[in-house]
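Okay, structure first, notes after.
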Amino acid sequence: MSSLKKALGAIAFIAAFQFLTAVLVAESVVPGYNNQINAISELGLGSTAALFNSSVILAGVLMAVAAYMAFKFYKKLYVGAAVFVCGAGIAAVGIFPMDMGLPHTLASNIAFFLGPLIAVGSFWFTKKPYSYLFAALGIVSILAAIPYSTGIALGIGEGLLERIIVYPFLLWAMAFGLYLIASKEN
């Protein structure tokens, strides 16, 4: 079981890290892109579409693989199912780019809410003080997702508010992955 846990951790880390890296690279090459104003998904259009969409699809596919591993390791169907649905939502963000409208919006909302809920849920599967950190990262994302999903940018810009949803979740996935890799218990 220890090797399964370490593999699950590695997949979680790689999924988040490669996506964050792709976003940062794509943001840096789009002329006039402003991460306070522009949505992350705008990187899925134009010159950075191939980089962004392939990266987000890869992240979602890796989450689907992680879902099976999470089910096998934790022996809880709801854990595997939640991770799988979140992964499907993440992949769908790249399959249905922003200009496709409703399918993209539904996919991003699945990712924006279910991902952070998984982070909060990891509280019950990790030791203190990590459990508190992981739950806090999920809560921050959820608190940002609520106004974002209703079109309220809180005066800070749509792009920045979206990053307050996405970046804590990515940070959680990387930290949780490293936690699983380093953890000695089965």
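All residue names refer to the structure tokens as shown: chains lettered A, B, ... in order, residues numbered from 1 in each chain, ligands numbered from 1 in order.
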
Residues within 12 Å of range 157-165 of chain A, only C-alpha atoms, excluding chain neighbours under 3 positions, as a ChimeraX atom specification: /A:20,23-24,27,33-43,108-109,111-117,119,137-154,168-172

Which parts of range 8-95 of chain A does DSSP call alpha helix (DSSP H) when run on the backbone here, written out as a PDB file with N, CA, C and O atoms, in the first residue's frame?
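So states_28.pdb came out as:
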ATOM      1  N   LEU A   8       0.173   7.758  -5.837  1.00  0.00           N
ATOM      2  CA  LEU A   8      -0.953   8.702  -5.778  1.00  0.00           C
ATOM      3  C   LEU A   8      -0.429  10.107  -5.503  1.00  0.00           C
ATOM      4  O   LEU A   8      -0.837  11.074  -6.155  1.00  0.00           O
ATOM      5  N   GLY A   9       0.492  10.219  -4.559  1.00  0.00           N
ATOM      6  CA  GLY A   9       1.090  11.517  -4.241  1.00  0.00           C
ATOM      7  C   GLY A   9       1.832  12.106  -5.415  1.00  0.00           C
ATOM      8  O   GLY A   9       1.725  13.310  -5.710  1.00  0.00           O
ATOM      9  N   ALA A  10       2.595  11.275  -6.113  1.00  0.00           N
ATOM     10  CA  ALA A  10       3.357  11.762  -7.265  1.00  0.00           C
ATOM     11  C   ALA A  10       2.420  12.252  -8.367  1.00  0.00           C
ATOM     12  O   ALA A  10       2.669  13.303  -8.976  1.00  0.00           O
ATOM     13  N   ILE A  11       1.349  11.535  -8.604  1.00  0.00           N
ATOM     14  CA  ILE A  11       0.394  11.937  -9.646  1.00  0.00           C
ATOM     15  C   ILE A  11      -0.282  13.254  -9.276  1.00  0.00           C
ATOM     16  O   ILE A  11      -0.423  14.150 -10.120  1.00  0.00           O
ATOM     17  N   ALA A  12      -0.685  13.406  -8.017  1.00  0.00           N
ATOM     18  CA  ALA A  12      -1.305  14.659  -7.582  1.00  0.00           C
ATOM     19  C   ALA A  12      -0.339  15.830  -7.766  1.00  0.00           C
ATOM     20  O   ALA A  12      -0.720  16.891  -8.281  1.00  0.00           O
ATOM     21  N   PHE A  13       0.907  15.631  -7.364  1.00  0.00           N
ATOM     22  CA  PHE A  13       1.904  16.692  -7.496  1.00  0.00           C
ATOM     23  C   PHE A  13       2.137  17.035  -8.971  1.00  0.00           C
ATOM     24  O   PHE A  13       2.112  18.202  -9.355  1.00  0.00           O
ATOM     25  N   ILE A  14       2.363  16.027  -9.789  1.00  0.00           N
ATOM     26  CA  ILE A  14       2.658  16.256 -11.210  1.00  0.00           C
ATOM     27  C   ILE A  14       1.492  16.938 -11.917  1.00  0.00           C
ATOM     28  O   ILE A  14       1.687  17.871 -12.706  1.00  0.00           O
ATOM     29  N   ALA A  15       0.262  16.492 -11.651  1.00  0.00           N
ATOM     30  CA  ALA A  15      -0.920  17.091 -12.291  1.00  0.00           C
ATOM     31  C   ALA A  15      -0.979  18.592 -12.008  1.00  0.00           C
ATOM     32  O   ALA A  15      -1.161  19.395 -12.934  1.00  0.00           O
ATOM     33  N   ALA A  16      -0.826  18.968 -10.746  1.00  0.00           N
ATOM     34  CA  ALA A  16      -0.923  20.378 -10.369  1.00  0.00           C
ATOM     35  C   ALA A  16       0.278  21.178 -10.861  1.00  0.00           C
ATOM     36  O   ALA A  16       0.126  22.279 -11.393  1.00  0.00           O
ATOM     37  N   PHE A  17       1.474  20.623 -10.697  1.00  0.00           N
ATOM     38  CA  PHE A  17       2.692  21.354 -11.054  1.00  0.00           C
ATOM     39  C   PHE A  17       2.773  21.630 -12.551  1.00  0.00           C
ATOM     40  O   PHE A  17       3.089  22.750 -12.961  1.00  0.00           O
ATOM     41  N   GLN A  18       2.468  20.622 -13.354  1.00  0.00           N
ATOM     42  CA  GLN A  18       2.560  20.845 -14.804  1.00  0.00           C
ATOM     43  C   GLN A  18       1.522  21.859 -15.267  1.00  0.00           C
ATOM     44  O   GLN A  18       1.788  22.667 -16.146  1.00  0.00           O
ATOM     45  N   PHE A  19       0.328  21.846 -14.650  1.00  0.00           N
ATOM     46  CA  PHE A  19      -0.689  22.815 -15.043  1.00  0.00           C
ATOM     47  C   PHE A  19      -0.294  24.226 -14.616  1.00  0.00           C
ATOM     48  O   PHE A  19      -0.393  25.174 -15.398  1.00  0.00           O
ATOM     49  N   LEU A  20       0.166  24.383 -13.389  1.00  0.00           N
ATOM     50  CA  LEU A  20       0.595  25.700 -12.921  1.00  0.00           C
ATOM     51  C   LEU A  20       1.716  26.238 -13.805  1.00  0.00           C
ATOM     52  O   LEU A  20       1.710  27.412 -14.199  1.00  0.00           O
ATOM     53  N   THR A  21       2.662  25.387 -14.155  1.00  0.00           N
ATOM     54  CA  THR A  21       3.765  25.799 -15.020  1.00  0.00           C
ATOM     55  C   THR A  21       3.246  26.243 -16.389  1.00  0.00           C
ATOM     56  O   THR A  21       3.665  27.285 -16.914  1.00  0.00           O
ATOM     57  N   ALA A  22       2.315  25.476 -16.953  1.00  0.00           N
ATOM     58  CA  ALA A  22       1.752  25.840 -18.257  1.00  0.00           C
ATOM     59  C   ALA A  22       1.032  27.183 -18.183  1.00  0.00           C
ATOM     60  O   ALA A  22       1.165  28.014 -19.100  1.00  0.00           O
ATOM     61  N   VAL A  23       0.280  27.418 -17.122  1.00  0.00           N
ATOM     62  CA  VAL A  23      -0.428  28.696 -16.962  1.00  0.00           C
ATOM     63  C   VAL A  23       0.570  29.842 -16.889  1.00  0.00           C
ATOM     64  O   VAL A  23       0.409  30.871 -17.565  1.00  0.00           O
ATOM     65  N   LEU A  24       1.595  29.696 -16.089  1.00  0.00           N
ATOM     66  CA  LEU A  24       2.584  30.770 -15.927  1.00  0.00           C
ATOM     67  C   LEU A  24       3.312  31.061 -17.244  1.00  0.00           C
ATOM     68  O   LEU A  24       3.537  32.227 -17.592  1.00  0.00           O
ATOM     69  N   VAL A  25       3.672  30.011 -17.972  1.00  0.00           N
ATOM     70  CA  VAL A  25       4.329  30.205 -19.268  1.00  0.00           C
ATOM     71  C   VAL A  25       3.369  30.886 -20.243  1.00  0.00           C
ATOM     72  O   VAL A  25       3.735  31.866 -20.909  1.00  0.00           O
ATOM     73  N   ALA A  26       2.142  30.388 -20.340  1.00  0.00           N
ATOM     74  CA  ALA A  26       1.168  30.958 -21.274  1.00  0.00           C
ATOM     75  C   ALA A  26       0.885  32.424 -20.947  1.00  0.00           C
ATOM     76  O   ALA A  26       0.819  33.261 -21.856  1.00  0.00           O
ATOM     77  N   GLU A  27       0.727  32.749 -19.662  1.00  0.00           N
ATOM     78  CA  GLU A  27       0.481  34.145 -19.272  1.00  0.00           C
ATOM     79  C   GLU A  27       1.608  35.065 -19.732  1.00  0.00           C
ATOM     80  O   GLU A  27       1.363  36.216 -20.103  1.00  0.00           O
ATOM     81  N   SER A  28       2.809  34.548 -19.713  1.00  0.00           N
ATOM     82  CA  SER A  28       3.968  35.388 -20.016  1.00  0.00           C
ATOM     83  C   SER A  28       4.149  35.658 -21.509  1.00  0.00           C
ATOM     84  O   SER A  28       4.879  36.577 -21.877  1.00  0.00           O
ATOM     85  N   VAL A  29       3.507  34.883 -22.361  1.00  0.00           N
ATOM     86  CA  VAL A  29       3.721  35.066 -23.805  1.00  0.00           C
ATOM     87  C   VAL A  29       2.547  35.714 -24.536  1.00  0.00           C
ATOM     88  O   VAL A  29       2.672  36.038 -25.716  1.00  0.00           O
ATOM     89  N   ALA A  49      -3.463  28.233 -26.935  1.00  0.00           N
ATOM     90  CA  ALA A  49      -4.517  27.218 -26.800  1.00  0.00           C
ATOM     91  C   ALA A  49      -3.949  25.812 -26.683  1.00  0.00           C
ATOM     92  O   ALA A  49      -4.375  25.037 -25.815  1.00  0.00           O
ATOM     93  N   ALA A  50      -3.008  25.453 -27.530  1.00  0.00           N
ATOM     94  CA  ALA A  50      -2.468  24.087 -27.504  1.00  0.00           C
ATOM     95  C   ALA A  50      -1.790  23.801 -26.168  1.00  0.00           C
ATOM     96  O   ALA A  50      -1.993  22.732 -25.573  1.00  0.00           O
ATOM     97  N   LEU A  51      -0.990  24.735 -25.686  1.00  0.00           N
ATOM     98  CA  LEU A  51      -0.302  24.557 -24.403  1.00  0.00           C
ATOM     99  C   LEU A  51      -1.307  24.445 -23.262  1.00  0.00           C
ATOM    100  O   LEU A  51      -1.277  23.487 -22.477  1.00  0.00           O
ATOM    101  N   PHE A  52      -2.206  25.409 -23.159  1.00  0.00           N
ATOM    102  CA  PHE A  52      -3.150  25.436 -22.049  1.00  0.00           C
ATOM    103  C   PHE A  52      -4.095  24.234 -22.073  1.00  0.00           C
ATOM    104  O   PHE A  52      -4.248  23.533 -21.076  1.00  0.00           O
ATOM    105  N   ASN A  53      -4.746  24.022 -23.213  1.00  0.00           N
ATOM    106  CA  ASN A  53      -5.755  22.964 -23.279  1.00  0.00           C
ATOM    107  C   ASN A  53      -5.147  21.579 -23.083  1.00  0.00           C
ATOM    108  O   ASN A  53      -5.723  20.745 -22.391  1.00  0.00           O
ATOM    109  N   SER A  54      -3.982  21.328 -23.653  1.00  0.00           N
ATOM    110  CA  SER A  54      -3.356  20.017 -23.446  1.00  0.00           C
ATOM    111  C   SER A  54      -2.934  19.846 -21.990  1.00  0.00           C
ATOM    112  O   SER A  54      -3.059  18.758 -21.423  1.00  0.00           O
ATOM    113  N   SER A  55      -2.491  20.914 -21.360  1.00  0.00           N
ATOM    114  CA  SER A  55      -2.080  20.842 -19.957  1.00  0.00           C
ATOM    115  C   SER A  55      -3.268  20.587 -19.032  1.00  0.00           C
ATOM    116  O   SER A  55      -3.187  19.766 -18.110  1.00  0.00           O
ATOM    117  N   VAL A  56      -4.368  21.280 -19.269  1.00  0.00           N
ATOM    118  CA  VAL A  56      -5.536  21.094 -18.399  1.00  0.00           C
ATOM    119  C   VAL A  56      -6.168  19.720 -18.635  1.00  0.00           C
ATOM    120  O   VAL A  56      -6.621  19.061 -17.694  1.00  0.00           O
ATOM    121  N   ILE A  57      -6.154  19.250 -19.878  1.00  0.00           N
ATOM    122  CA  ILE A  57      -6.659  17.896 -20.153  1.00  0.00           C
ATOM    123  C   ILE A  57      -5.772  16.865 -19.467  1.00  0.00           C
ATOM    124  O   ILE A  57      -6.274  15.921 -18.834  1.00  0.00           O
ATOM    125  N   LEU A  58      -4.454  17.039 -19.558  1.00  0.00           N
ATOM    126  CA  LEU A  58      -3.536  16.123 -18.875  1.00  0.00           C
ATOM    127  C   LEU A  58      -3.782  16.122 -17.368  1.00  0.00           C
ATOM    128  O   LEU A  58      -3.810  15.057 -16.742  1.00  0.00           O
ATOM    129  N   ALA A  59      -3.979  17.290 -16.786  1.00  0.00           N
ATOM    130  CA  ALA A  59      -4.260  17.366 -15.351  1.00  0.00           C
ATOM    131  C   ALA A  59      -5.525  16.579 -15.008  1.00  0.00           C
ATOM    132  O   ALA A  59      -5.565  15.841 -14.015  1.00  0.00           O
ATOM    133  N   GLY A  60      -6.551  16.715 -15.830  1.00  0.00           N
ATOM    134  CA  GLY A  60      -7.795  15.985 -15.591  1.00  0.00           C
ATOM    135  C   GLY A  60      -7.635  14.483 -15.742  1.00  0.00           C
ATOM    136  O   GLY A  60      -8.167  13.709 -14.942  1.00  0.00           O
ATOM    137  N   VAL A  61      -6.895  14.061 -16.752  1.00  0.00           N
ATOM    138  CA  VAL A  61      -6.650  12.621 -16.957  1.00  0.00           C
ATOM    139  C   VAL A  61      -5.852  12.060 -15.781  1.00  0.00           C
ATOM    140  O   VAL A  61      -6.155  10.968 -15.270  1.00  0.00           O
ATOM    141  N   LEU A  62      -4.837  12.807 -15.338  1.00  0.00           N
ATOM    142  CA  LEU A  62      -4.066  12.359 -14.177  1.00  0.00           C
ATOM    143  C   LEU A  62      -4.952  12.260 -12.929  1.00  0.00           C
ATOM    144  O   LEU A  62      -4.791  11.351 -12.107  1.00  0.00           O
ATOM    145  N   MET A  63      -5.895  13.198 -12.801  1.00  0.00           N
ATOM    146  CA  MET A  63      -6.844  13.128 -11.674  1.00  0.00           C
ATOM    147  C   MET A  63      -7.717  11.881 -11.782  1.00  0.00           C
ATOM    148  O   MET A  63      -8.030  11.258 -10.764  1.00  0.00           O
ATOM    149  N   ALA A  64      -8.106  11.502 -12.979  1.00  0.00           N
ATOM    150  CA  ALA A  64      -8.909  10.282 -13.149  1.00  0.00           C
ATOM    151  C   ALA A  64      -8.110   9.058 -12.732  1.00  0.00           C
ATOM    152  O   ALA A  64      -8.639   8.159 -12.070  1.00  0.00           O
ATOM    153  N   VAL A  65      -6.835   9.018 -13.083  1.00  0.00           N
ATOM    154  CA  VAL A  65      -5.965   7.922 -12.638  1.00  0.00           C
ATOM    155  C   VAL A  65      -5.829   7.964 -11.111  1.00  0.00           C
ATOM    156  O   VAL A  65      -5.918   6.933 -10.436  1.00  0.00           O
ATOM    157  N   ALA A  66      -5.645   9.160 -10.587  1.00  0.00           N
ATOM    158  CA  ALA A  66      -5.544   9.323  -9.134  1.00  0.00           C
ATOM    159  C   ALA A  66      -6.828   8.882  -8.437  1.00  0.00           C
ATOM    160  O   ALA A  66      -6.782   8.371  -7.306  1.00  0.00           O
ATOM    161  N   ALA A  67      -7.970   9.053  -9.092  1.00  0.00           N
ATOM    162  CA  ALA A  67      -9.249   8.655  -8.498  1.00  0.00           C
ATOM    163  C   ALA A  67      -9.267   7.157  -8.213  1.00  0.00           C
ATOM    164  O   ALA A  67      -9.674   6.723  -7.129  1.00  0.00           O
ATOM    165  N   TYR A  68      -8.825   6.382  -9.185  1.00  0.00           N
ATOM    166  CA  TYR A  68      -8.777   4.928  -8.990  1.00  0.00           C
ATOM    167  C   TYR A  68      -7.812   4.579  -7.864  1.00  0.00           C
ATOM    168  O   TYR A  68      -8.123   3.762  -6.994  1.00  0.00           O
ATOM    169  N   MET A  69      -6.666   5.219  -7.856  1.00  0.00           N
ATOM    170  CA  MET A  69      -5.673   4.950  -6.817  1.00  0.00           C
ATOM    171  C   MET A  69      -6.187   5.377  -5.439  1.00  0.00           C
ATOM    172  O   MET A  69      -5.956   4.688  -4.443  1.00  0.00           O
ATOM    173  N   ALA A  70      -6.880   6.503  -5.381  1.00  0.00           N
ATOM    174  CA  ALA A  70      -7.436   6.978  -4.109  1.00  0.00           C
ATOM    175  C   ALA A  70      -8.482   5.996  -3.593  1.00  0.00           C
ATOM    176  O   ALA A  70      -8.527   5.695  -2.393  1.00  0.00           O
ATOM    177  N   PHE A  71      -9.307   5.488  -4.499  1.00  0.00           N
ATOM    178  CA  PHE A  71     -10.304   4.487  -4.099  1.00  0.00           C
ATOM    179  C   PHE A  71      -9.620   3.240  -3.544  1.00  0.00           C
ATOM    180  O   PHE A  71     -10.000   2.713  -2.501  1.00  0.00           O
ATOM    181  N   LYS A  72      -8.599   2.756  -4.239  1.00  0.00           N
ATOM    182  CA  LYS A  72      -7.887   1.552  -3.792  1.00  0.00           C
ATOM    183  C   LYS A  72      -7.178   1.784  -2.458  1.00  0.00           C
ATOM    184  O   LYS A  72      -7.174   0.915  -1.593  1.00  0.00           O
ATOM    185  N   PHE A  73      -6.580   2.955  -2.291  1.00  0.00           N
ATOM    186  CA  PHE A  73      -5.816   3.229  -1.075  1.00  0.00           C
ATOM    187  C   PHE A  73      -6.723   3.505   0.122  1.00  0.00           C
ATOM    188  O   PHE A  73      -6.542   2.937   1.190  1.00  0.00           O
ATOM    189  N   TYR A  74      -7.697   4.392  -0.038  1.00  0.00           N
ATOM    190  CA  TYR A  74      -8.550   4.788   1.088  1.00  0.00           C
ATOM    191  C   TYR A  74      -9.734   3.856   1.296  1.00  0.00           C
ATOM    192  O   TYR A  74     -10.402   3.923   2.321  1.00  0.00           O
ATOM    193  N   LEU A  77     -15.459   4.606  -1.631  1.00  0.00           N
ATOM    194  CA  LEU A  77     -15.970   4.891  -2.971  1.00  0.00           C
ATOM    195  C   LEU A  77     -16.181   6.381  -3.187  1.00  0.00           C
ATOM    196  O   LEU A  77     -15.865   6.908  -4.253  1.00  0.00           O
ATOM    197  N   TYR A  78     -16.683   7.078  -2.168  1.00  0.00           N
ATOM    198  CA  TYR A  78     -16.952   8.499  -2.346  1.00  0.00           C
ATOM    199  C   TYR A  78     -15.671   9.303  -2.597  1.00  0.00           C
ATOM    200  O   TYR A  78     -15.705  10.308  -3.293  1.00  0.00           O
ATOM    201  N   VAL A  79     -14.552   8.861  -2.061  1.00  0.00           N
ATOM    202  CA  VAL A  79     -13.288   9.557  -2.315  1.00  0.00           C
ATOM    203  C   VAL A  79     -12.910   9.401  -3.784  1.00  0.00           C
ATOM    204  O   VAL A  79     -12.639  10.385  -4.487  1.00  0.00           O
ATOM    205  N   GLY A  80     -12.904   8.177  -4.262  1.00  0.00           N
ATOM    206  CA  GLY A  80     -12.570   7.929  -5.665  1.00  0.00           C
ATOM    207  C   GLY A  80     -13.535   8.614  -6.610  1.00  0.00           C
ATOM    208  O   GLY A  80     -13.122   9.195  -7.624  1.00  0.00           O
ATOM    209  N   ALA A  81     -14.826   8.571  -6.288  1.00  0.00           N
ATOM    210  CA  ALA A  81     -15.835   9.185  -7.156  1.00  0.00           C
ATOM    211  C   ALA A  81     -15.661  10.699  -7.217  1.00  0.00           C
ATOM    212  O   ALA A  81     -15.728  11.299  -8.303  1.00  0.00           O
ATOM    213  N   ALA A  82     -15.431  11.334  -6.077  1.00  0.00           N
ATOM    214  CA  ALA A  82     -15.252  12.790  -6.053  1.00  0.00           C
ATOM    215  C   ALA A  82     -14.026  13.207  -6.860  1.00  0.00           C
ATOM    216  O   ALA A  82     -14.079  14.154  -7.648  1.00  0.00           O
ATOM    217  N   VAL A  83     -12.932  12.483  -6.684  1.00  0.00           N
ATOM    218  CA  VAL A  83     -11.705  12.809  -7.414  1.00  0.00           C
ATOM    219  C   VAL A  83     -11.912  12.579  -8.918  1.00  0.00           C
ATOM    220  O   VAL A  83     -11.466  13.376  -9.746  1.00  0.00           O
ATOM    221  N   PHE A  84     -12.625  11.515  -9.275  1.00  0.00           N
ATOM    222  CA  PHE A  84     -12.881  11.239 -10.688  1.00  0.00           C
ATOM    223  C   PHE A  84     -13.735  12.337 -11.327  1.00  0.00           C
ATOM    224  O   PHE A  84     -13.404  12.832 -12.421  1.00  0.00           O
ATOM    225  N   VAL A  85     -14.813  12.722 -10.676  1.00  0.00           N
ATOM    226  CA  VAL A  85     -15.691  13.763 -11.230  1.00  0.00           C
ATOM    227  C   VAL A  85     -14.938  15.087 -11.336  1.00  0.00           C
ATOM    228  O   VAL A  85     -15.062  15.807 -12.338  1.00  0.00           O
ATOM    229  N   CYS A  86     -14.133  15.396 -10.334  1.00  0.00           N
ATOM    230  CA  CYS A  86     -13.325  16.614 -10.389  1.00  0.00           C
ATOM    231  C   CYS A  86     -12.359  16.547 -11.570  1.00  0.00           C
ATOM    232  O   CYS A  86     -12.223  17.512 -12.324  1.00  0.00           O
ATOM    233  N   GLY A  87     -11.696  15.408 -11.740  1.00  0.00           N
ATOM    234  CA  GLY A  87     -10.780  15.235 -12.865  1.00  0.00           C
ATOM    235  C   GLY A  87     -11.483  15.369 -14.200  1.00  0.00           C
ATOM    236  O   GLY A  87     -10.962  15.990 -15.140  1.00  0.00           O
ATOM    237  N   ALA A  88     -12.693  14.819 -14.298  1.00  0.00           N
ATOM    238  CA  ALA A  88     -13.473  14.944 -15.538  1.00  0.00           C
ATOM    239  C   ALA A  88     -13.808  16.413 -15.804  1.00  0.00           C
ATOM    240  O   ALA A  88     -13.735  16.883 -16.945  1.00  0.00           O
ATOM    241  N   GLY A  89     -14.166  17.140 -14.749  1.00  0.00           N
ATOM    242  CA  GLY A  89     -14.453  18.571 -14.896  1.00  0.00           C
ATOM    243  C   GLY A  89     -13.229  19.344 -15.348  1.00  0.00           C
ATOM    244  O   GLY A  89     -13.308  20.196 -16.238  1.00  0.00           O
ATOM    245  N   ILE A  90     -12.089  19.023 -14.758  1.00  0.00           N
ATOM    246  CA  ILE A  90     -10.845  19.700 -15.132  1.00  0.00           C
ATOM    247  C   ILE A  90     -10.515  19.416 -16.603  1.00  0.00           C
ATOM    248  O   ILE A  90     -10.205  20.337 -17.364  1.00  0.00           O
ATOM    249  N   ALA A  91     -10.572  18.152 -17.006  1.00  0.00           N
ATOM    250  CA  ALA A  91     -10.283  17.803 -18.403  1.00  0.00           C
ATOM    251  C   ALA A  91     -11.259  18.492 -19.351  1.00  0.00           C
ATOM    252  O   ALA A  91     -10.864  18.980 -20.424  1.00  0.00           O
ATOM    253  N   ALA A  92     -12.514  18.569 -18.947  1.00  0.00           N
ATOM    254  CA  ALA A  92     -13.532  19.189 -19.802  1.00  0.00           C
ATOM    255  C   ALA A  92     -13.285  20.679 -20.020  1.00  0.00           C
ATOM    256  O   ALA A  92     -13.685  21.228 -21.046  1.00  0.00           O
ATOM    257  N   VAL A  93     -12.590  21.328 -19.090  1.00  0.00           N
ATOM    258  CA  VAL A  93     -12.224  22.734 -19.275  1.00  0.00           C
ATOM    259  C   VAL A  93     -11.365  22.886 -20.531  1.00  0.00           C
ATOM    260  O   VAL A  93     -11.512  23.852 -21.285  1.00  0.00           O
ATOM    261  N   GLY A  94     -10.485  21.917 -20.776  1.00  0.00           N
ATOM    262  CA  GLY A  94      -9.642  21.960 -21.970  1.00  0.00           C
ATOM    263  C   GLY A  94     -10.328  21.419 -23.213  1.00  0.00           C
ATOM    264  O   GLY A  94     -10.036  21.847 -24.329  1.00  0.00           O
ATOM    265  N   ILE A  95     -11.225  20.473 -23.011  1.00  0.00           N
ATOM    266  CA  ILE A  95     -11.958  19.895 -24.151  1.00  0.00           C
ATOM    267  C   ILE A  95     -12.969  20.903 -24.704  1.00  0.00           C
ATOM    268  O   ILE A  95     -13.188  20.972 -25.912  1.00  0.00           O
TER     269      ILE A  95
END

Spatial neighbours of range 125-129 of chain A, max dist 10 Å, only C-alpha atoms, sep filter under 3 positions, as number ranges by chain: A: 74, 121-122, 132-134, 176, 179-180, 183

Length of the CA of Lys75 in chain A to CA of Ile110 in chain A vector [Å]: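 Separating CA of Lys75 in chain A from CA of Ile110 in chain A is a distance of 23.4 Å.
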
Distance of CA of Ser3 in chain A from CA of Ala135 in chain A, expressed in Å to one decimal place: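 Computed distance, CA of Ala135 in chain A to CA of Ser3 in chain A, equals 25.0 Å.
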
8 Å contact set for Leu45 in chain A, only C-alpha atoms, chain neighbours under 5 positions out, as a ChimeraX atom specification: /A:97-99
